[in-house]
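Peer 1: The structure's right below; bear with me while I get my questions together.
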Amino acid sequence: RRSRLLLKLGREAERRGETEAALEGYAAAGLGEARVRRLRLLERRGEFALAHRLIEAAEPVDEAERQALARLRPRLCRKLGLPAPAREIEPAPEGLDLVLEPRAGGVERAVAEHLATPEAPVHYVENALITGLFGLLCWEAVFAPLPGAFFHPFHTGPADLHREDFVARRRALFDACLAQLDDGRYRETVRTRFGEKHGLASPFVHWGALDEALLERALAAIPPAHLRALFQRLLDDPRANRAGLPDLIQFFPEGEKGESGAGYRLIEVKGPGDRLQDNQRRWLAFFHAHDIPVAVCHVRWEGA
């Protein structure tokens, strides 16, 4: 909590133009976002040598910091006349380029309607499906009555959800939930939780985006090995990794596969002028590393 407060104070000082106080706050706050903000502020102040020394000594604490430092390092090297570091090549996902007629409901739904067939339906899920499956399977772990987790009847989730020890305090419980992916029990658990808990608030389950048809298609098409990898990444950083997931999912008929050889594919939609966000890029790199089928669909409006 002290680190979060110091980060907030540093950001407020930076907004006010009090750069010395901001740098002091960021340095005291520690690693992660605070370190990145400190380095960016040093860069804006022209203190390239100090920023470069700090970045070379840094050990990133998470994917977001690693991504930010990878962007900062080449700029600092260029400004100091140093050799440019080797660039990390981002994997290129399958690409779809569509020209569609503008329609109400948003670009994601336009793509879903265009790609869907009776045999290969497309659902608009964004951050709701993967997190929902995780929340249903791991309901008992998330809502375990640990000391300090719940202290009034109106909690939508455990009070320590965003604390660093959230998963560590429940590690055995989460391991037991994920173990169901190894023997097939997870499907019945998800179905049971969907019926028993329907409508109850959860930080991972968005009931309005889930129905039985979507749930059954997902349980049938997504291999348990993919679910385990996805769920483990959620556990690595529940706060950051609940966002940035693809907009759509398409299911292929039983016995047929998509180009990736899987019975489904995730689809990230980008409309005119829209670009991939950092958290989306991190998810795409993760999908590539774990052979999870995904495509990025770029849309142009007809006549534009």
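Residue numbering restarts at 1 for every chain of the structure tokens, chains are lettered A, B, ... in their displayed order, and ligands are numbered from 1 as they appear.
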If we count only C-alpha atoms and set the cut-off at 12 Å, which residues sit around A:Glu113, ignoring sequence neighbours fewer than 3 positions away in its own chain? Please answer as an MDAnalysis selection string.
Peer 2: chainID A and resid 100:101 103:110 116:118 120:124 248 250
Peer 1: Measuring between only C-alpha atoms, which one of A:Arg185, A:Arg300, A:Arg170, A:His226 shows the shortest distance to A:Asp274?
Peer 2: A:Arg300
Peer 1: Go through stretch 47-211 of chain A and collect every residue that DSSP, computed from the backbone, puts in alpha helix (DSSP H); the answer should be as a ChimeraX atom specification.
Peer 2: /A:48-57,63-80,107-115,129-137,139-142,166-169,171-183,185-196
Peer 1: So which residues of stretch 90-296 of chain A fall under strand (DSSP E) by DSSP, listed as an MDAnalysis selection string?
Peer 2: chainID A and resid 94:100 122:124 248:251 264:270 294:296
Peer 1: Using only C-alpha atoms, find the one residue out of A:Leu210, A:Val99, A:Ala221, A:Leu235 that sits nearest to A:Asn127.
Peer 2: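 So, comparing all the options, the nearest one is A:Leu210.
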Peer 1: Near A:Ile89, within 12 Å and counting only C-alpha atoms, which residues show up once chain neighbours fewer than 5 positions away are dropped, as JSON, numbers by chain?
Peer 2: {"A": [70, 281, 285]}
Peer 1: Quick one: distance from atom CA of A:Leu245 to atom CA of A:Ile130 in Å, one decimal?
Peer 2: 8.2 Å
Peer 1: I'd like to know which of A:Asp236, A:Ala27, A:Asp247, A:Leu133 is closest to A:Thr192, using only C-alpha atoms.
Peer 2: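 Comparing A:Asp236, A:Ala27, A:Asp247, A:Leu133 against A:Thr192, the winner is A:Leu133.
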Peer 1: Set the distance at 12 Å and use only C-alpha atoms: which residues neighbour stretch 139-145 of chain A once local chain neighbours fewer than 2 positions away are removed? I'd like the list as number ranges by chain.
Peer 2: A: 131-137, 147-152, 155-162, 166-178, 186, 189-190, 192-194, 196-198, 200-205, 235, 238
Peer 1: Please, could you write that set of residues out with N, CA and C atoms as a short mmCIF file (atom, residue, chain, number, x, y, z; two decimals), in the first residue's frame?
Peer 2:
data_model
loop_
_atom_site.label_atom_id
_atom_site.label_comp_id
_atom_site.auth_asym_id
_atom_site.auth_seq_id
_atom_site.Cartn_x
_atom_site.Cartn_y
_atom_site.Cartn_z
N THR A 131 -11.87 -15.30 -18.90
CA THR A 131 -11.94 -14.97 -17.47
C THR A 131 -13.16 -15.63 -16.83
N GLY A 132 -14.26 -15.74 -17.58
CA GLY A 132 -15.46 -16.39 -17.04
C GLY A 132 -15.24 -17.87 -16.79
N LEU A 133 -14.63 -18.57 -17.73
CA LEU A 133 -14.33 -19.99 -17.53
C LEU A 133 -13.41 -20.17 -16.32
N PHE A 134 -12.41 -19.29 -16.22
CA PHE A 134 -11.51 -19.34 -15.06
C PHE A 134 -12.28 -19.10 -13.77
N GLY A 135 -13.12 -18.06 -13.75
CA GLY A 135 -13.85 -17.74 -12.53
C GLY A 135 -14.79 -18.84 -12.10
N LEU A 136 -15.41 -19.52 -13.06
CA LEU A 136 -16.31 -20.62 -12.71
C LEU A 136 -15.54 -21.82 -12.19
N LEU A 137 -14.46 -22.19 -12.87
CA LEU A 137 -13.68 -23.35 -12.42
C LEU A 137 -13.04 -23.09 -11.06
N PRO A 147 -8.68 -15.10 6.17
CA PRO A 147 -8.70 -13.91 7.03
C PRO A 147 -8.47 -12.63 6.22
N GLY A 148 -9.36 -11.66 6.41
CA GLY A 148 -9.21 -10.37 5.76
C GLY A 148 -9.75 -10.31 4.35
N ALA A 149 -10.17 -11.45 3.76
CA ALA A 149 -10.63 -11.44 2.38
C ALA A 149 -12.04 -10.87 2.27
N PHE A 150 -12.89 -11.15 3.25
CA PHE A 150 -14.28 -10.67 3.23
C PHE A 150 -14.63 -10.19 4.64
N PHE A 151 -15.12 -8.95 4.73
CA PHE A 151 -15.46 -8.43 6.05
C PHE A 151 -16.78 -7.66 6.06
N HIS A 152 -17.53 -7.73 4.96
CA HIS A 152 -18.92 -7.25 4.96
C HIS A 152 -19.67 -8.01 3.86
N HIS A 155 -19.24 -7.55 -0.65
CA HIS A 155 -18.06 -7.72 -1.49
C HIS A 155 -18.43 -8.34 -2.83
N THR A 156 -17.89 -7.79 -3.92
CA THR A 156 -18.02 -8.44 -5.23
C THR A 156 -16.86 -9.40 -5.48
N GLY A 157 -15.87 -9.35 -4.62
CA GLY A 157 -14.71 -10.23 -4.72
C GLY A 157 -13.86 -10.05 -3.49
N PRO A 158 -12.82 -10.85 -3.34
CA PRO A 158 -11.98 -10.75 -2.15
C PRO A 158 -11.27 -9.40 -2.08
N ALA A 159 -11.14 -8.89 -0.88
CA ALA A 159 -10.54 -7.57 -0.68
C ALA A 159 -9.06 -7.55 -1.06
N ASP A 160 -8.41 -8.71 -1.06
CA ASP A 160 -6.98 -8.76 -1.36
C ASP A 160 -6.72 -9.16 -2.81
N LEU A 161 -7.72 -9.02 -3.68
CA LEU A 161 -7.59 -9.48 -5.07
C LEU A 161 -6.38 -8.88 -5.77
N HIS A 162 -6.09 -7.62 -5.52
CA HIS A 162 -4.99 -6.95 -6.22
C HIS A 162 -3.71 -6.89 -5.39
N PHE A 166 -2.15 -12.44 -3.32
CA PHE A 166 -3.48 -12.99 -3.53
C PHE A 166 -3.42 -14.46 -3.94
N VAL A 167 -2.62 -14.77 -4.94
CA VAL A 167 -2.52 -16.15 -5.43
C VAL A 167 -1.75 -17.01 -4.44
N ALA A 168 -0.67 -16.48 -3.89
CA ALA A 168 0.16 -17.27 -2.97
C ALA A 168 -0.64 -17.76 -1.77
N ARG A 169 -1.54 -16.94 -1.25
CA ARG A 169 -2.35 -17.34 -0.10
C ARG A 169 -3.31 -18.48 -0.45
N ARG A 170 -3.60 -18.63 -1.74
CA ARG A 170 -4.59 -19.63 -2.17
C ARG A 170 -3.98 -20.66 -3.12
N ARG A 171 -2.66 -20.75 -3.13
CA ARG A 171 -1.99 -21.57 -4.13
C ARG A 171 -2.51 -23.00 -4.14
N ALA A 172 -2.64 -23.63 -3.00
CA ALA A 172 -3.10 -25.02 -2.97
C ALA A 172 -4.52 -25.14 -3.52
N LEU A 173 -5.37 -24.14 -3.23
CA LEU A 173 -6.73 -24.17 -3.73
C LEU A 173 -6.78 -24.00 -5.25
N PHE A 174 -5.99 -23.07 -5.77
CA PHE A 174 -5.94 -22.90 -7.22
C PHE A 174 -5.36 -24.15 -7.90
N ASP A 175 -4.33 -24.73 -7.31
CA ASP A 175 -3.75 -25.95 -7.89
C ASP A 175 -4.79 -27.06 -7.97
N ALA A 176 -5.60 -27.19 -6.93
CA ALA A 176 -6.64 -28.23 -6.92
C ALA A 176 -7.68 -27.97 -8.01
N CYS A 177 -8.03 -26.70 -8.22
CA CYS A 177 -8.99 -26.37 -9.28
C CYS A 177 -8.41 -26.68 -10.65
N LEU A 178 -7.18 -26.27 -10.90
CA LEU A 178 -6.57 -26.49 -12.21
C LEU A 178 -6.28 -27.96 -12.46
N TYR A 186 -13.17 -30.75 -15.13
CA TYR A 186 -13.41 -29.31 -15.19
C TYR A 186 -14.70 -28.96 -15.91
N THR A 189 -17.57 -29.25 -13.50
CA THR A 189 -17.46 -28.21 -12.48
C THR A 189 -17.92 -26.87 -13.03
N VAL A 190 -17.49 -26.52 -14.25
CA VAL A 190 -17.89 -25.25 -14.86
C VAL A 190 -19.40 -25.21 -15.05
N THR A 192 -21.70 -26.88 -13.40
CA THR A 192 -22.35 -26.82 -12.09
C THR A 192 -22.28 -25.42 -11.51
N ARG A 193 -21.09 -24.81 -11.56
CA ARG A 193 -20.94 -23.46 -11.02
C ARG A 193 -21.81 -22.47 -11.80
N PHE A 194 -21.92 -22.66 -13.12
CA PHE A 194 -22.73 -21.77 -13.93
C PHE A 194 -24.19 -21.79 -13.46
N GLU A 196 -25.29 -23.01 -10.34
CA GLU A 196 -25.43 -22.70 -8.91
C GLU A 196 -25.19 -21.22 -8.60
N LYS A 197 -24.24 -20.61 -9.28
CA LYS A 197 -23.81 -19.26 -8.93
C LYS A 197 -24.35 -18.19 -9.86
N HIS A 198 -25.20 -18.57 -10.80
CA HIS A 198 -25.61 -17.62 -11.83
C HIS A 198 -26.18 -16.34 -11.22
N LEU A 200 -24.57 -14.20 -9.29
CA LEU A 200 -23.80 -13.71 -8.15
C LEU A 200 -22.57 -12.95 -8.62
N ALA A 201 -22.28 -11.84 -7.98
CA ALA A 201 -21.16 -10.99 -8.40
C ALA A 201 -19.84 -11.73 -8.26
N SER A 202 -18.98 -11.56 -9.26
CA SER A 202 -17.64 -12.14 -9.26
C SER A 202 -16.73 -11.22 -10.04
N PRO A 203 -15.48 -11.03 -9.61
CA PRO A 203 -14.57 -10.17 -10.37
C PRO A 203 -14.14 -10.79 -11.70
N PHE A 204 -14.42 -12.08 -11.91
CA PHE A 204 -13.99 -12.75 -13.13
C PHE A 204 -15.14 -13.15 -14.04
N VAL A 205 -16.36 -13.22 -13.54
CA VAL A 205 -17.48 -13.74 -14.33
C VAL A 205 -18.44 -12.60 -14.65
N LEU A 235 -3.47 -16.04 -13.42
CA LEU A 235 -2.97 -16.10 -12.05
C LEU A 235 -1.64 -15.38 -11.88
N PRO A 238 -3.46 -11.25 -11.91
CA PRO A 238 -4.91 -11.15 -12.10
C PRO A 238 -5.39 -9.76 -12.48
#
Peer 1: Could you check the closest approach to A:Lys8 for each of A:Glu33, A:Asp62, A:Glu212, A:Glu20 and tell me which residue wins, using only C-alpha atoms?
Peer 2: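 The answer is A:Glu33, which sits nearest to A:Lys8.
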Peer 1: Do a neighbour search on A:Glu94 at 8 Å with only C-alpha atoms, toss out local chain neighbours closer than 3 positions, and write the hits as a list in words.
Peer 2: Val294, Ala295 and Val296 of chain A
